[in-house]
Every structure is written in C-alpha cells, then in structure tokens.
>>> print(open('structure_1.tsv').read())   # TSV, C-alpha atoms
chain	number	residue	atom	x	y	z
A	212	MET	CA	11.39	18.81	15.46
A	213	PRO	CA	8.04	20.55	15.87
A	214	ASN	CA	7.39	23.11	18.58
A	215	ILE	CA	3.66	22.59	18.94
A	216	LYS	CA	2.67	20.00	21.54
A	217	SER	CA	0.16	18.15	19.35
A	218	SER	CA	2.67	18.00	16.49
A	219	ILE	CA	5.30	16.52	18.82
A	220	ARG	CA	2.78	13.85	19.85
A	221	SER	CA	1.84	13.09	16.27
A	222	VAL	CA	5.52	12.67	15.31
A	223	LYS	CA	5.81	10.11	18.09
A	224	THR	CA	2.65	8.22	17.14
A	225	ASP	CA	3.59	8.31	13.45
A	226	ALA	CA	6.92	6.68	14.27
A	227	GLU	CA	5.19	4.01	16.38
A	228	ARG	CA	2.67	3.31	13.64
A	229	ARG	CA	5.38	3.15	10.98
A	230	ALA	CA	7.41	0.72	13.10
A	231	LYS	CA	4.37	-1.51	13.58
A	232	ASN	CA	3.27	-1.47	9.93
A	233	ALA	CA	6.68	-1.87	8.27
A	234	PRO	CA	7.16	-5.61	8.92
A	235	ILE	CA	3.60	-6.35	7.79
A	236	LYS	CA	4.11	-4.46	4.55
A	237	ALA	CA	7.42	-6.27	4.03
A	238	ALA	CA	5.64	-9.61	4.50
A	239	LEU	CA	3.08	-8.55	1.88
A	240	ARG	CA	5.82	-7.68	-0.61
A	241	ASN	CA	7.64	-10.95	0.06
A	242	ALA	CA	4.46	-13.00	-0.35
A	243	SER	CA	3.64	-11.24	-3.63
A	244	ARG	CA	7.16	-11.80	-4.94
A	245	LYS	CA	6.94	-15.46	-4.01
A	246	VAL	CA	3.68	-15.89	-5.92
A	247	VAL	CA	5.17	-14.21	-9.00
A	248	ALA	CA	8.34	-16.32	-8.82
A	249	VAL	CA	6.41	-19.57	-8.45
A	250	ALA	CA	4.01	-18.54	-11.24
A	251	GLU	CA	6.96	-18.06	-13.58
A	252	THR	CA	8.87	-21.24	-12.74
A	253	GLY	CA	6.87	-23.63	-10.55
A	254	THR	CA	3.78	-25.77	-10.84
A	255	LYS	CA	0.24	-24.49	-10.75
A	256	GLU	CA	-0.59	-26.27	-7.48
A	257	VAL	CA	2.32	-24.63	-5.64
A	258	ALA	CA	1.40	-21.27	-7.17
A	259	GLN	CA	-2.16	-21.62	-5.94
A	260	THR	CA	-1.08	-22.44	-2.38
A	261	THR	CA	1.29	-19.45	-2.27
A	262	PHE	CA	-1.47	-17.31	-3.77
A	263	VAL	CA	-3.88	-18.37	-0.99
A	264	ASN	CA	-1.25	-17.45	1.60
A	265	ALA	CA	-0.65	-14.04	0.00
A	266	THR	CA	-4.40	-13.43	-0.26
A	267	GLY	CA	-4.83	-14.07	3.44
A	268	LEU	CA	-2.05	-11.64	4.31
A	269	LEU	CA	-3.53	-8.97	2.02
A	270	ASP	CA	-7.00	-9.38	3.50
A	271	LYS	CA	-5.66	-9.21	7.04
A	272	ALA	CA	-3.66	-6.05	6.27
A	273	ALA	CA	-6.75	-4.46	4.71
A	274	ARG	CA	-8.87	-5.37	7.75
A	275	LYS	CA	-6.35	-3.78	10.08
A	276	GLY	CA	-6.17	-0.63	7.94
A	277	ILE	CA	-2.54	-1.07	6.98
A	278	ILE	CA	-3.42	-0.92	3.29
A	279	HIS	CA	-6.62	0.25	1.67
A	280	LYS	CA	-9.20	-2.42	0.86
A	281	ASN	CA	-9.20	-1.48	-2.83
A	282	ALA	CA	-5.41	-1.74	-2.92
A	283	ALA	CA	-5.68	-5.24	-1.45
A	284	ALA	CA	-8.31	-6.18	-4.02
A	285	ARG	CA	-6.17	-4.81	-6.85
A	286	LYS	CA	-3.09	-6.73	-5.71
A	287	LYS	CA	-5.09	-9.96	-5.29
A	288	SER	CA	-6.57	-9.54	-8.76
A	289	ARG	CA	-3.17	-9.07	-10.36
A	290	LEU	CA	-1.73	-12.07	-8.56
A	291	ALA	CA	-4.76	-14.20	-9.50
A	292	LYS	CA	-4.32	-13.20	-13.12
A	293	ARG	CA	-0.70	-14.45	-12.99
A	294	VAL	CA	-1.65	-17.74	-11.37
A	295	ASN	CA	-4.58	-18.36	-13.74
A	296	ALA	CA	-2.39	-17.67	-16.80
A	297	MET	CA	-0.24	-20.70	-15.96
A	298	GLU	CA	-0.66	-23.89	-17.99
>>> encode(input="structure_1.tsv", output="structure tokens")
Amino acid sequence: MPNIKSSIRSVKTDAERRAKNAPIKAALRNASRKVVAVAETGTKEVAQTTFVNATGLLDKAARKGIIHKNAAARKKSRLAKRVNAME
C-alpha cells in the first residue's frame, strides 16, 4: 500500500475504474467469440447480425474510452474479414 496521499487515492480510483470496465471488456470478448463461432459453423445472415451487435459494443466501448478507437477499428476489421469470408 502506498504512503503518499495521491498514490492512495489513485489506487482507489484505479480499482473503481477496473471494476467498472471489467464487465464491459468481458462483453466485448464474448461478442467477438460469438461472431467467430457463428462464422465457423452458422449461416451468413446470423453471422452478420452477431457482427452488427459486436460492432455496436466495440464502438460504444471506444466512445467511452474503455478501449482505444484504433483497437476497436482493428477488432471490427478482423471480425468483418471472418464474416465476409463465409460462403
């Protein structure tokens, strides 16, 4: 535990921020996994709807500053490549 007052405060705010961001990041991972799973086994229409859902979550997380906007763009691009590669 830090001794400096500002460091003690930042430990507290870091924990609060981590607790707030963790479920959102988990939702992003789950949405991405779902898109990949549907792209491998399901139909293209279902893959596109799950992709739209994942894209919305990524954009929202980027707007709120939970992930970087370029990271969101990169993840969306990779997911789109998977969905577009389907027959």
>>> residues_around(input="structure_1.tsv", residues="Ile277 (chain A)", least_positions_apart="4", cutoff="8 Å", atoms="only C-alpha atoms", output="JSON, numbers by chain")
{"A": [232, 236, 272, 273]}
>>> residues_around(input="structure_1.tsv", residues="Val257 (chain A)", least_positions_apart="6", cutoff="12 Å", atoms="all atoms listed in the file", output="number ranges by chain")
A: 245-251, 263-264, 294, 297
>>> atom_distance(input="structure_1.tsv", atom1="CA of Ala282 (chain A)", atom2="CA of Thr252 (chain A)")
26.1 Å
>>> atom_distance(input="structure_1.tsv", atom1="CA of Ala291 (chain A)", atom2="CA of His279 (chain A)")
18.4 Å
>>> closest_residue(input="structure_1.tsv", among="A:Lys255, A:Arg293, A:Lys271, A:Arg220", to="Ile235 (chain A)", atoms="all atoms listed in the file")
A:Lys271
>>> atom_distance(input="structure_1.tsv", atom1="CA of Lys216 (chain A)", atom2="CA of Ala233 (chain A)")
25.9 Å
